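The next block is coords25.pdb, given as PDB, C-alpha atoms.
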```
ATOM      1  CA  MET A   1      84.698  85.179  34.732
ATOM      2  CA  GLU A   2      82.706  86.288  37.782
ATOM      3  CA  VAL A   3      82.911  83.842  40.679
ATOM      4  CA  PRO A   4      80.330  83.948  43.500
ATOM      5  CA  THR A   5      81.565  84.478  47.047
ATOM      6  CA  TYR A   6      80.592  83.264  50.501
ATOM      7  CA  ARG A   7      80.389  85.471  53.569
ATOM      8  CA  LEU A   8      82.547  83.868  56.258
ATOM      9  CA  GLY A   9      81.940  83.878  59.985
ATOM     10  CA  ASP A  10      84.206  86.885  60.514
ATOM     11  CA  GLY A  11      82.434  88.914  57.817
ATOM     12  CA  THR A  12      85.074  88.543  55.083
ATOM     13  CA  ALA A  13      84.300  87.198  51.609
ATOM     14  CA  LEU A  14      85.671  83.952  50.155
ATOM     15  CA  PRO A  15      85.373  83.036  46.452
ATOM     16  CA  ALA A  16      83.456  79.817  45.798
ATOM     17  CA  VAL A  17      86.398  78.284  43.879
ATOM     18  CA  GLY A  18      90.121  78.711  44.504
ATOM     19  CA  PHE A  19      93.360  77.961  42.672
ATOM     20  CA  GLY A  20      95.782  75.468  44.216
ATOM     21  CA  THR A  21      99.518  75.870  43.652
ATOM     22  CA  TYR A  22     101.120  72.606  44.823
ATOM     23  CA  PRO A  23     103.531  71.355  43.409
ATOM     24  CA  LEU A  24     104.270  74.311  41.135
ATOM     25  CA  LYS A  25     107.679  75.942  41.493
ATOM     26  CA  GLY A  26     109.777  78.623  39.828
ATOM     27  CA  GLU A  27     108.689  80.376  36.657
ATOM     28  CA  GLU A  28     106.150  77.629  35.945
ATOM     29  CA  CYS A  29     104.403  78.599  39.173
ATOM     30  CA  VAL A  30     104.492  82.319  38.367
ATOM     31  CA  ALA A  31     103.061  81.674  34.899
ATOM     32  CA  ALA A  32     100.349  79.332  36.181
ATOM     33  CA  VAL A  33      99.192  81.677  38.943
ATOM     34  CA  LEU A  34      99.266  84.606  36.539
ATOM     35  CA  SER A  35      97.120  82.774  33.972
ATOM     36  CA  ALA A  36      94.748  81.642  36.748
ATOM     37  CA  ILE A  37      94.250  85.224  37.886
ATOM     38  CA  GLU A  38      93.689  86.271  34.269
ATOM     39  CA  ALA A  39      91.084  83.495  33.960
ATOM     40  CA  GLY A  40      89.177  84.931  36.916
ATOM     41  CA  TYR A  41      90.457  83.141  40.024
ATOM     42  CA  ARG A  42      90.526  85.427  43.023
ATOM     43  CA  LEU A  43      91.408  82.861  45.730
ATOM     44  CA  ILE A  44      95.032  81.693  45.549
ATOM     45  CA  ASP A  45      96.172  78.895  47.876
ATOM     46  CA  THR A  46      99.799  78.365  48.876
ATOM     47  CA  ALA A  47     101.706  77.139  51.951
ATOM     48  CA  VAL A  48     105.138  77.260  53.541
ATOM     49  CA  ASN A  49     105.495  73.544  52.768
ATOM     50  CA  TYR A  50     104.833  74.141  49.065
ATOM     51  CA  GLY A  51     107.997  76.219  48.743
ATOM     52  CA  ASN A  52     106.370  78.617  46.287
ATOM     53  CA  GLU A  53     105.183  81.595  48.341
ATOM     54  CA  ARG A  54     107.713  83.879  46.633
ATOM     55  CA  GLU A  55     106.430  82.885  43.185
ATOM     56  CA  VAL A  56     102.816  83.402  44.232
ATOM     57  CA  GLY A  57     103.646  86.910  45.424
ATOM     58  CA  GLU A  58     105.470  87.657  42.190
ATOM     59  CA  ALA A  59     102.486  86.540  40.108
ATOM     60  CA  ILE A  60     100.167  88.732  42.153
ATOM     61  CA  ARG A  61     102.358  91.747  41.505
ATOM     62  CA  ARG A  62     102.624  91.007  37.783
ATOM     63  CA  SER A  63      98.876  90.457  37.409
ATOM     64  CA  GLY A  64      97.941  94.102  37.844
ATOM     65  CA  VAL A  65      94.756  93.042  39.658
ATOM     66  CA  PRO A  66      94.064  95.289  42.669
ATOM     67  CA  ARG A  67      95.331  93.581  45.808
ATOM     68  CA  GLU A  68      91.994  94.005  47.585
ATOM     69  CA  GLU A  69      90.308  91.819  44.941
ATOM     70  CA  LEU A  70      92.477  88.801  45.803
ATOM     71  CA  VAL A  71      92.226  86.389  48.726
ATOM     72  CA  VAL A  72      95.668  84.916  49.370
ATOM     73  CA  THR A  73      95.877  81.860  51.599
ATOM     74  CA  SER A  74      99.007  80.414  53.181
ATOM     75  CA  LYS A  75      99.550  77.749  55.818
ATOM     76  CA  LEU A  76     101.591  77.333  58.963
ATOM     77  CA  PRO A  77     103.742  74.152  58.937
ATOM     78  CA  GLY A  78     103.543  71.586  61.721
ATOM     79  CA  ARG A  79     107.100  72.324  62.857
ATOM     80  CA  ALA A  80     106.142  75.922  63.785
ATOM     81  CA  HIS A  81     103.380  75.395  66.322
ATOM     82  CA  ALA A  82     105.104  76.910  69.369
ATOM     83  CA  TYR A  83     103.654  80.412  69.812
ATOM     84  CA  ASP A  84     106.796  82.383  68.934
ATOM     85  CA  ASP A  85     107.598  80.041  66.043
ATOM     86  CA  ALA A  86     104.105  80.482  64.650
ATOM     87  CA  VAL A  87     104.371  84.261  64.797
ATOM     88  CA  ALA A  88     107.766  84.166  63.104
ATOM     89  CA  SER A  89     106.497  81.803  60.408
ATOM     90  CA  VAL A  90     103.565  84.029  59.494
ATOM     91  CA  ARG A  91     105.779  87.121  59.387
ATOM     92  CA  ALA A  92     108.198  85.245  57.144
ATOM     93  CA  SER A  93     105.360  84.168  54.820
ATOM     94  CA  VAL A  94     104.141  87.738  54.437
ATOM     95  CA  GLU A  95     107.677  88.956  53.780
ATOM     96  CA  THR A  96     108.418  86.143  51.320
ATOM     97  CA  MET A  97     105.275  86.893  49.323
ATOM     98  CA  GLY A  98     106.050  90.606  49.424
ATOM     99  CA  LEU A  99     102.591  91.444  50.740
ATOM    100  CA  GLU A 100     101.410  93.691  53.561
ATOM    101  CA  HIS A 101      99.171  90.967  54.963
ATOM    102  CA  VAL A 102      97.844  87.483  54.230
ATOM    103  CA  ASP A 103      94.092  87.265  53.754
ATOM    104  CA  LEU A 104      93.606  83.780  55.175
ATOM    105  CA  HIS A 105      96.166  81.866  57.209
ATOM    106  CA  LEU A 106      95.609  78.237  58.110
ATOM    107  CA  ILE A 107      97.283  75.782  60.439
ATOM    108  CA  HIS A 108      98.350  73.200  57.849
ATOM    109  CA  TRP A 109      97.558  70.291  60.142
ATOM    110  CA  PRO A 110      97.161  69.805  63.915
ATOM    111  CA  ASN A 111     100.437  67.868  64.356
ATOM    112  CA  PRO A 112      98.801  65.877  67.172
ATOM    113  CA  ARG A 113     101.997  64.067  68.211
ATOM    114  CA  VAL A 114     103.365  67.406  69.428
ATOM    115  CA  GLY A 115      99.978  68.733  70.487
ATOM    116  CA  THR A 116     100.720  72.473  70.528
ATOM    117  CA  TYR A 117      98.284  73.471  67.789
ATOM    118  CA  VAL A 118      96.266  75.520  70.298
ATOM    119  CA  GLU A 119      99.356  77.716  70.808
ATOM    120  CA  ALA A 120      99.680  78.068  67.047
ATOM    121  CA  TYR A 121      96.042  79.011  66.712
ATOM    122  CA  ARG A 122      96.327  81.576  69.491
ATOM    123  CA  ALA A 123      99.242  83.119  67.622
ATOM    124  CA  LEU A 124      97.139  83.413  64.457
ATOM    125  CA  VAL A 125      94.317  85.034  66.410
ATOM    126  CA  ASP A 126      96.748  87.571  67.877
ATOM    127  CA  LEU A 127      98.191  88.302  64.427
ATOM    128  CA  GLN A 128      94.650  88.819  63.171
ATOM    129  CA  ALA A 129      94.127  91.457  65.861
ATOM    130  CA  GLU A 130      97.387  93.049  64.730
ATOM    131  CA  GLY A 131      96.186  93.148  61.106
ATOM    132  CA  LEU A 132      98.876  90.912  59.625
ATOM    133  CA  VAL A 133      96.272  88.188  59.058
ATOM    134  CA  ARG A 134      92.749  89.015  57.890
ATOM    135  CA  SER A 135      91.100  85.661  58.606
ATOM    136  CA  VAL A 136      92.117  82.612  60.619
ATOM    137  CA  GLY A 137      91.421  79.009  59.669
ATOM    138  CA  VAL A 138      92.717  75.463  59.878
ATOM    139  CA  SER A 139      93.364  72.455  57.672
ATOM    140  CA  ASN A 140      93.014  68.718  58.306
ATOM    141  CA  PHE A 141      91.411  69.296  61.726
ATOM    142  CA  THR A 142      88.985  66.820  63.281
ATOM    143  CA  GLU A 143      85.947  67.744  65.360
ATOM    144  CA  GLU A 144      88.032  67.309  68.516
ATOM    145  CA  HIS A 145      90.774  69.620  67.260
ATOM    146  CA  LEU A 146      88.216  72.256  66.270
ATOM    147  CA  GLY A 147      86.589  72.100  69.683
ATOM    148  CA  ARG A 148      89.888  72.633  71.476
ATOM    149  CA  VAL A 149      90.902  75.778  69.564
ATOM    150  CA  ILE A 150      87.422  77.272  69.807
ATOM    151  CA  ASP A 151      87.218  76.589  73.554
ATOM    152  CA  ALA A 152      90.715  78.004  74.129
ATOM    153  CA  THR A 153      90.304  81.248  72.177
ATOM    154  CA  GLY A 154      86.607  81.883  71.665
ATOM    155  CA  VAL A 155      87.382  82.301  67.957
ATOM    156  CA  THR A 156      85.922  79.845  65.451
ATOM    157  CA  PRO A 157      88.051  79.085  62.373
ATOM    158  CA  VAL A 158      86.391  80.509  59.282
ATOM    159  CA  VAL A 159      87.404  77.469  57.203
ATOM    160  CA  ASN A 160      88.731  73.953  57.607
ATOM    161  CA  GLN A 161      90.504  72.731  54.478
ATOM    162  CA  VAL A 162      90.245  68.947  54.256
ATOM    163  CA  GLU A 163      90.656  66.179  51.714
ATOM    164  CA  LEU A 164      87.275  65.941  50.028
ATOM    165  CA  HIS A 165      86.222  64.376  46.717
ATOM    166  CA  PRO A 166      83.559  61.906  45.537
ATOM    167  CA  LEU A 167      85.438  58.879  46.881
ATOM    168  CA  PHE A 168      85.857  60.621  50.246
ATOM    169  CA  PRO A 169      82.877  62.992  50.586
ATOM    170  CA  GLN A 170      83.391  63.789  54.287
ATOM    171  CA  VAL A 171      79.664  63.727  55.083
ATOM    172  CA  GLU A 172      80.156  63.747  58.866
ATOM    173  CA  MET A 173      82.845  66.440  58.824
ATOM    174  CA  ARG A 174      80.753  68.695  56.607
ATOM    175  CA  ALA A 175      77.910  68.348  59.109
ATOM    176  CA  VAL A 176      80.254  69.404  61.927
ATOM    177  CA  HIS A 177      81.359  72.433  59.922
ATOM    178  CA  GLU A 178      77.752  73.370  59.207
ATOM    179  CA  GLN A 179      76.910  73.206  62.906
ATOM    180  CA  LEU A 180      79.905  75.358  63.871
ATOM    181  CA  GLY A 181      79.570  77.895  61.055
ATOM    182  CA  ILE A 182      82.825  76.825  59.356
ATOM    183  CA  ARG A 183      83.168  76.838  55.569
ATOM    184  CA  THR A 184      84.518  73.580  54.129
ATOM    185  CA  GLU A 185      87.420  73.887  51.678
ATOM    186  CA  SER A 186      88.353  70.845  49.598
ATOM    187  CA  TRP A 187      91.927  69.886  48.804
ATOM    188  CA  SER A 188      92.364  67.252  46.118
ATOM    189  CA  PRO A 189      88.800  68.119  45.026
ATOM    190  CA  LEU A 190      88.894  65.922  41.913
ATOM    191  CA  GLY A 191      90.445  62.894  43.608
ATOM    192  CA  LYS A 192      93.780  63.252  41.762
ATOM    193  CA  ARG A 193      95.128  59.869  40.623
ATOM    194  CA  GLU A 194      91.823  58.168  41.511
ATOM    195  CA  ALA A 195      89.558  60.780  39.952
ATOM    196  CA  PRO A 196      86.160  59.121  39.358
ATOM    197  CA  PHE A 197      85.805  60.460  35.822
ATOM    198  CA  ALA A 198      84.749  57.082  34.402
ATOM    199  CA  GLU A 199      82.058  56.433  37.004
ATOM    200  CA  PRO A 200      78.573  56.277  35.430
ATOM    201  CA  ALA A 201      77.239  58.813  37.929
ATOM    202  CA  VAL A 202      79.800  61.313  36.636
ATOM    203  CA  THR A 203      79.829  60.471  32.939
ATOM    204  CA  ALA A 204      76.029  60.493  32.686
ATOM    205  CA  ALA A 205      75.842  63.931  34.292
ATOM    206  CA  ALA A 206      78.621  65.236  32.047
ATOM    207  CA  GLU A 207      76.796  64.041  28.923
ATOM    208  CA  ARG A 208      73.465  65.400  30.131
ATOM    209  CA  HIS A 209      74.858  68.871  30.813
ATOM    210  CA  GLY A 210      77.384  69.035  27.969
ATOM    211  CA  VAL A 211      80.388  69.517  30.258
ATOM    212  CA  THR A 212      83.486  67.533  31.224
ATOM    213  CA  PRO A 213      83.594  64.944  34.042
ATOM    214  CA  GLY A 214      85.947  67.264  35.927
ATOM    215  CA  GLN A 215      83.430  70.089  35.725
ATOM    216  CA  VAL A 216      80.734  67.748  37.055
ATOM    217  CA  VAL A 217      82.839  66.847  40.090
ATOM    218  CA  LEU A 218      83.723  70.473  40.804
ATOM    219  CA  ARG A 219      80.089  71.509  40.369
ATOM    220  CA  TRP A 220      79.168  68.762  42.870
ATOM    221  CA  GLN A 221      81.628  70.396  45.285
ATOM    222  CA  VAL A 222      80.123  73.842  44.756
ATOM    223  CA  GLN A 223      76.520  72.677  45.174
ATOM    224  CA  LEU A 224      77.435  70.992  48.457
ATOM    225  CA  GLY A 225      78.712  74.378  49.640
ATOM    226  CA  ASN A 226      82.365  73.342  49.577
ATOM    227  CA  VAL A 227      85.132  75.579  48.216
ATOM    228  CA  PRO A 228      87.218  73.375  45.886
ATOM    229  CA  ILE A 229      90.878  74.300  45.294
ATOM    230  CA  PRO A 230      91.768  72.651  41.964
ATOM    231  CA  LYS A 231      95.252  72.972  40.468
ATOM    232  CA  SER A 232      96.220  73.042  36.820
ATOM    233  CA  ALA A 233      99.099  74.706  35.011
ATOM    234  CA  THR A 234      97.152  74.576  31.725
ATOM    235  CA  PRO A 235      95.194  77.782  30.945
ATOM    236  CA  GLU A 236      92.376  75.916  29.171
ATOM    237  CA  ARG A 237      91.942  73.509  32.086
ATOM    238  CA  GLN A 238      92.062  76.438  34.517
ATOM    239  CA  ARG A 239      89.170  78.051  32.649
ATOM    240  CA  GLN A 240      87.208  74.792  32.626
ATOM    241  CA  ASN A 241      87.701  74.356  36.352
ATOM    242  CA  LEU A 242      86.223  77.796  36.914
ATOM    243  CA  ASP A 243      83.368  77.471  34.401
ATOM    244  CA  LEU A 244      80.951  75.841  36.837
ATOM    245  CA  PHE A 245      78.091  78.284  37.149
ATOM    246  CA  GLY A 246      76.208  77.802  33.872
ATOM    247  CA  PHE A 247      74.663  74.446  34.797
ATOM    248  CA  GLU A 248      73.175  72.770  37.867
ATOM    249  CA  LEU A 249      73.184  69.148  38.953
ATOM    250  CA  SER A 250      69.891  67.635  40.023
ATOM    251  CA  PRO A 251      69.413  66.304  43.576
ATOM    252  CA  ASP A 252      69.576  62.758  42.180
ATOM    253  CA  GLU A 253      72.844  63.521  40.386
ATOM    254  CA  LEU A 254      74.321  65.012  43.569
ATOM    255  CA  ASP A 255      73.282  61.982  45.605
ATOM    256  CA  ALA A 256      74.657  59.542  43.031
ATOM    257  CA  ILE A 257      78.082  61.216  43.103
ATOM    258  CA  THR A 258      78.124  61.391  46.911
ATOM    259  CA  ALA A 259      77.245  57.679  46.975
ATOM    260  CA  LEU A 260      80.607  56.931  45.301
ATOM    261  CA  GLY A 261      82.224  57.462  48.714
ATOM    262  CA  ARG A 262      83.913  54.439  50.215
ATOM    263  CA  PRO A 263      85.739  53.651  53.479
ATOM    264  CA  ASP A 264      89.132  53.452  51.761
ATOM    265  CA  GLY A 265      88.490  56.485  49.564
ATOM    266  CA  ARG A 266      90.946  58.923  51.099
ATOM    267  CA  LEU A 267      94.197  59.398  49.227
ATOM    268  CA  PHE A 268      96.551  60.212  52.062
ATOM    269  CA  ASP A 269      96.773  59.470  55.772
ATOM    270  CA  GLY A 270      99.999  60.750  57.277
ATOM    271  CA  ASP A 271     102.196  63.733  58.011
ATOM    272  CA  PRO A 272     101.640  66.770  55.736
ATOM    273  CA  ASP A 273     105.087  68.077  56.695
ATOM    274  CA  THR A 274     106.576  65.220  54.698
ATOM    275  CA  HIS A 275     103.778  65.025  52.139
ATOM    276  CA  GLU A 276     103.319  68.462  50.604
ATOM    277  CA  GLU A 277     100.261  67.560  48.563
ATOM    278  CA  MET A 278      98.097  69.097  51.228
TER     279      MET A 278
END
```
What is this structure when it is put down as structure tokens?
Amino acid sequence: MEVPTYRLGDGTALPAVGFGTYPLKGEECVAAVLSAIEAGYRLIDTAVNYGNEREVGEAIRRSGVPREELVVTSKLPGRAHAYDDAVASVRASVETMGLEHVDLHLIHWPNPRVGTYVEAYRALVDLQAEGLVRSVGVSNFTEEHLGRVIDATGVTPVVNQVELHPLFPQVEMRAVHEQLGIRTESWSPLGKREAPFAEPAVTAAAERHGVTPGQVVLRWQVQLGNVPIPKSATPERQRQNLDLFGFELSPDELDAITALGRPDGRLFDGDPDTHEEM
């Protein structure tokens, strides 16, 4: 299945839908990533905190898909934000995955209590110049955090991966990203345990277009310009989550789904180093 791509601020391409790997481990992870690649996913998202970088690398090797066709993302944990620690963490990720480079490396979260995320970002920028990292981004950053790393390095993150789903549509943050030229990636794009699949705005659109509620929500993500990173270990569900480009939601349908957002809609507010879901 052919997936459209976006051109990022640094000139690299990013598929419009990715495959998330948390909390997959062991052979289940290898099998799931392998079937996702076979289904057509070309953006694979992992992290040090997920504990499955080795399995992701193994699946990539087994897939037989040319390495240059895949965009592999990993993430720097909050405990490795000192400059030398960040460099060592990225080198370890590349070695663990058995790759020559990582296509997109993110700071998993700003770890504001420590406040050294600018050092971590500078390390990623330097590793990009070295060629070990193709593109540099962040995750769970606020407008203030983005401003600090951009001011300090002159390099704008190509993406910010944030929690984003119909109950937490991140309208203001998406506007900030648009202004800065940052592509929004969505973790927990379906809303996980509070997925709004029974909401009339979703069910009506699903019936109208002859698709599943999950496909409606992911299509909503795509039409907003977000890059959703859904996870499923089931091949059929993987294919459904990628089959989003044969129908289009109307402006009214988009607005109705966005209107599901609520102040308490976010699923998690804490430390990603102890909550690996991110």
Nearest to Val30 in chain A, chosen from A:Leu106, A:Ala88, A:Ala259, A:Ala233, with all atoms listed in the file counted in the distances: A:Ala233
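When all atoms listed in the file are used to measure the gap to Glu2 in chain A, the shortest distance among A:Ala32, A:Ile37, A:Leu99, A:Val149 belongs to A:Ile37.
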Selection near Thr5 in chain A, 12 Å with all atoms listed in the file, sequence-local residues under 3 positions removed, as JSON, numbers by chain: {"A": [2, 8, 11, 12, 13, 14, 15, 16, 17, 18, 41, 42, 43, 69, 70, 71, 183, 222, 225, 226, 227]}
Residues selected by the PyMOL selection byres ((chain A and resi 197) around 9), written as JSON, numbers by chain: {"A": [190, 194, 195, 196, 198, 199, 200, 201, 202, 203, 212, 213, 214, 216, 217]}
Selection dump of the PyMOL selection byres ((chain A and resi 25) around 12), as a ChimeraX atom specification: /A:21-24,26-33,46,49-56,58-59,233
Expected selection from the PyMOL selection byres ((chain A and resi 168-182) around 7), given as a PyMOL selection string: chain A and resi 9+143+157-160+164-167+183-184+258+261-262+265-266
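Shortest atom-to-atom contact with Tyr83 in chain A among A:Thr96, A:Ile107, A:Pro112, A:Val118: A:Val118, counting all atoms listed in the file.
Here CA of Ile229 in chain A is placed at a distance of 11.0 Å from CA of Thr73 in chain A.
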Point-to-point distance from CA of Val162 in chain A to CA of Arg67 in chain A, Å rounded to tenths: 26.5 Å
Excluding range 235-243 of chain A and any residue of its chain fewer than 3 positions from it, enumerate the residues within 9 Å of it, using all atoms listed in the file, and give them as an mmCIF file with C-alpha atoms, keeping the file's coordinate frame.
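To be explicit, this is the file written out as around.cif:
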```cif
data_model
loop_
_atom_site.group_PDB
_atom_site.id
_atom_site.type_symbol
_atom_site.label_atom_id
_atom_site.label_comp_id
_atom_site.auth_asym_id
_atom_site.auth_seq_id
_atom_site.Cartn_x
_atom_site.Cartn_y
_atom_site.Cartn_z
ATOM 1 C CA MET A 1 84.698 85.179 34.732
ATOM 2 C CA VAL A 3 82.911 83.842 40.679
ATOM 3 C CA VAL A 17 86.398 78.284 43.879
ATOM 4 C CA GLY A 18 90.121 78.711 44.504
ATOM 5 C CA PHE A 19 93.360 77.961 42.672
ATOM 6 C CA ALA A 32 100.349 79.332 36.181
ATOM 7 C CA SER A 35 97.120 82.774 33.972
ATOM 8 C CA ALA A 36 94.748 81.642 36.748
ATOM 9 C CA ALA A 39 91.084 83.495 33.960
ATOM 10 C CA GLY A 40 89.177 84.931 36.916
ATOM 11 C CA TYR A 41 90.457 83.141 40.024
ATOM 12 C CA VAL A 211 80.388 69.517 30.258
ATOM 13 C CA THR A 212 83.486 67.533 31.224
ATOM 14 C CA GLY A 214 85.947 67.264 35.927
ATOM 15 C CA GLN A 215 83.430 70.089 35.725
ATOM 16 C CA LEU A 218 83.723 70.473 40.804
ATOM 17 C CA PRO A 230 91.768 72.651 41.964
ATOM 18 C CA LYS A 231 95.252 72.972 40.468
ATOM 19 C CA SER A 232 96.220 73.042 36.820
ATOM 20 C CA GLY A 246 76.208 77.802 33.872
#
```
Close residues, Val72 in chain A itself excluded, 6 Å, all atoms listed in the file, min 2 positions apart in chain, as a PyMOL selection string: chain A and resi 43-44+102-103
Output of the above residues as a compact mmCIF listing (two decimals), in the frame of the given file, restricted to C-alpha atoms:
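What ended up in selection.txt:
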```
# COMPACT_ATOMS: atom_id res chain seq x y z
CA LEU A 43 91.41 82.86 45.73
CA ILE A 44 95.03 81.69 45.55
CA VAL A 102 97.84 87.48 54.23
CA ASP A 103 94.09 87.26 53.75
```
Between CA of Glu163 in chain A and CA of Ala92 in chain A - distance in Å to one decimal: 26.5 Å
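Of the listed residues (A:Gly210, A:Gly98, A:Gly78, A:Gly137), A:Gly78 comes nearest to Thr116 in chain A; the distances count all atoms listed in the file.
Distance cut-off 9 Å, centre (108.6, 80.0, 61.3), atoms counted all atoms listed in the file; the residues meeting this are Val48, Leu76, Pro77, Arg79, Ala80, His81, Asp84, Asp85, Ala86, Val87, Ala88, Ser89, Val90, Arg91, Ala92 and Ser93 of chain A.
The smallest atom-to-atom distance between Ala256 in chain A and any of A:Ala204, A:Val136, A:His105, A:Pro110, using all atoms listed in the file, is found for A:Ala204.
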My structure is short of atoms at range 20-37 of chain A; please model N, CA, C and O atoms there, returning them as a PDB file, keeping the file's coordinate frame.
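The resulting out26.pdb:
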```pdb
ATOM      1  N   GLY A  20      94.725  76.108  43.447  1.00  0.00           N
ATOM      2  CA  GLY A  20      95.782  75.468  44.216  1.00  0.00           C
ATOM      3  C   GLY A  20      97.117  75.552  43.504  1.00  0.00           C
ATOM      4  O   GLY A  20      97.174  75.517  42.263  1.00  0.00           O
ATOM      5  N   THR A  21      98.202  75.645  44.253  1.00  0.00           N
ATOM      6  CA  THR A  21      99.518  75.870  43.652  1.00  0.00           C
ATOM      7  C   THR A  21     100.523  74.735  43.869  1.00  0.00           C
ATOM      8  O   THR A  21     101.625  74.804  43.320  1.00  0.00           O
ATOM      9  N   TYR A  22     100.191  73.721  44.669  1.00  0.00           N
ATOM     10  CA  TYR A  22     101.120  72.606  44.823  1.00  0.00           C
ATOM     11  C   TYR A  22     101.026  71.710  43.596  1.00  0.00           C
ATOM     12  O   TYR A  22      99.911  71.411  43.148  1.00  0.00           O
ATOM     13  N   PRO A  23     102.138  71.232  43.004  1.00  0.00           N
ATOM     14  CA  PRO A  23     103.531  71.355  43.409  1.00  0.00           C
ATOM     15  C   PRO A  23     104.302  72.341  42.534  1.00  0.00           C
ATOM     16  O   PRO A  23     105.480  72.127  42.251  1.00  0.00           O
ATOM     17  N   LEU A  24     103.652  73.376  42.072  1.00  0.00           N
ATOM     18  CA  LEU A  24     104.270  74.311  41.135  1.00  0.00           C
ATOM     19  C   LEU A  24     105.430  75.050  41.781  1.00  0.00           C
ATOM     20  O   LEU A  24     105.359  75.468  42.928  1.00  0.00           O
ATOM     21  N   LYS A  25     106.490  75.238  41.008  1.00  0.00           N
ATOM     22  CA  LYS A  25     107.679  75.942  41.493  1.00  0.00           C
ATOM     23  C   LYS A  25     108.229  76.839  40.385  1.00  0.00           C
ATOM     24  O   LYS A  25     107.944  76.640  39.198  1.00  0.00           O
ATOM     25  N   GLY A  26     109.033  77.809  40.779  1.00  0.00           N
ATOM     26  CA  GLY A  26     109.777  78.623  39.828  1.00  0.00           C
ATOM     27  C   GLY A  26     108.890  79.378  38.856  1.00  0.00           C
ATOM     28  O   GLY A  26     107.751  79.740  39.155  1.00  0.00           O
ATOM     29  N   GLU A  27     109.421  79.592  37.651  1.00  0.00           N
ATOM     30  CA  GLU A  27     108.689  80.376  36.657  1.00  0.00           C
ATOM     31  C   GLU A  27     107.406  79.676  36.212  1.00  0.00           C
ATOM     32  O   GLU A  27     106.433  80.341  35.854  1.00  0.00           O
ATOM     33  N   GLU A  28     107.388  78.345  36.263  1.00  0.00           N
ATOM     34  CA  GLU A  28     106.150  77.629  35.945  1.00  0.00           C
ATOM     35  C   GLU A  28     105.038  78.034  36.903  1.00  0.00           C
ATOM     36  O   GLU A  28     103.882  78.216  36.504  1.00  0.00           O
ATOM     37  N   CYS A  29     105.387  78.183  38.176  1.00  0.00           N
ATOM     38  CA  CYS A  29     104.403  78.599  39.173  1.00  0.00           C
ATOM     39  C   CYS A  29     103.922  80.023  38.899  1.00  0.00           C
ATOM     40  O   CYS A  29     102.722  80.300  38.925  1.00  0.00           O
ATOM     41  N   VAL A  30     104.871  80.929  38.643  1.00  0.00           N
ATOM     42  CA  VAL A  30     104.492  82.319  38.367  1.00  0.00           C
ATOM     43  C   VAL A  30     103.542  82.368  37.176  1.00  0.00           C
ATOM     44  O   VAL A  30     102.490  83.030  37.221  1.00  0.00           O
ATOM     45  N   ALA A  31     103.885  81.659  36.110  1.00  0.00           N
ATOM     46  CA  ALA A  31     103.061  81.674  34.899  1.00  0.00           C
ATOM     47  C   ALA A  31     101.683  81.077  35.153  1.00  0.00           C
ATOM     48  O   ALA A  31     100.665  81.599  34.663  1.00  0.00           O
ATOM     49  N   ALA A  32     101.628  79.988  35.922  1.00  0.00           N
ATOM     50  CA  ALA A  32     100.349  79.332  36.181  1.00  0.00           C
ATOM     51  C   ALA A  32      99.441  80.210  37.042  1.00  0.00           C
ATOM     52  O   ALA A  32      98.236  80.329  36.780  1.00  0.00           O
ATOM     53  N   VAL A  33     100.002  80.810  38.078  1.00  0.00           N
ATOM     54  CA  VAL A  33      99.192  81.677  38.943  1.00  0.00           C
ATOM     55  C   VAL A  33      98.739  82.907  38.163  1.00  0.00           C
ATOM     56  O   VAL A  33      97.587  83.351  38.285  1.00  0.00           O
ATOM     57  N   LEU A  34      99.614  83.437  37.347  1.00  0.00           N
ATOM     58  CA  LEU A  34      99.266  84.606  36.539  1.00  0.00           C
ATOM     59  C   LEU A  34      98.117  84.274  35.580  1.00  0.00           C
ATOM     60  O   LEU A  34      97.146  85.035  35.475  1.00  0.00           O
ATOM     61  N   SER A  35      98.196  83.131  34.894  1.00  0.00           N
ATOM     62  CA  SER A  35      97.120  82.774  33.972  1.00  0.00           C
ATOM     63  C   SER A  35      95.828  82.468  34.721  1.00  0.00           C
ATOM     64  O   SER A  35      94.731  82.737  34.222  1.00  0.00           O
ATOM     65  N   ALA A  36      95.941  81.905  35.944  1.00  0.00           N
ATOM     66  CA  ALA A  36      94.748  81.642  36.748  1.00  0.00           C
ATOM     67  C   ALA A  36      94.055  82.945  37.126  1.00  0.00           C
ATOM     68  O   ALA A  36      92.820  83.061  37.052  1.00  0.00           O
ATOM     69  N   ILE A  37      94.837  83.922  37.538  1.00  0.00           N
ATOM     70  CA  ILE A  37      94.250  85.224  37.886  1.00  0.00           C
ATOM     71  C   ILE A  37      93.599  85.850  36.656  1.00  0.00           C
ATOM     72  O   ILE A  37      92.490  86.392  36.730  1.00  0.00           O
TER      73      ILE A  37
END
```
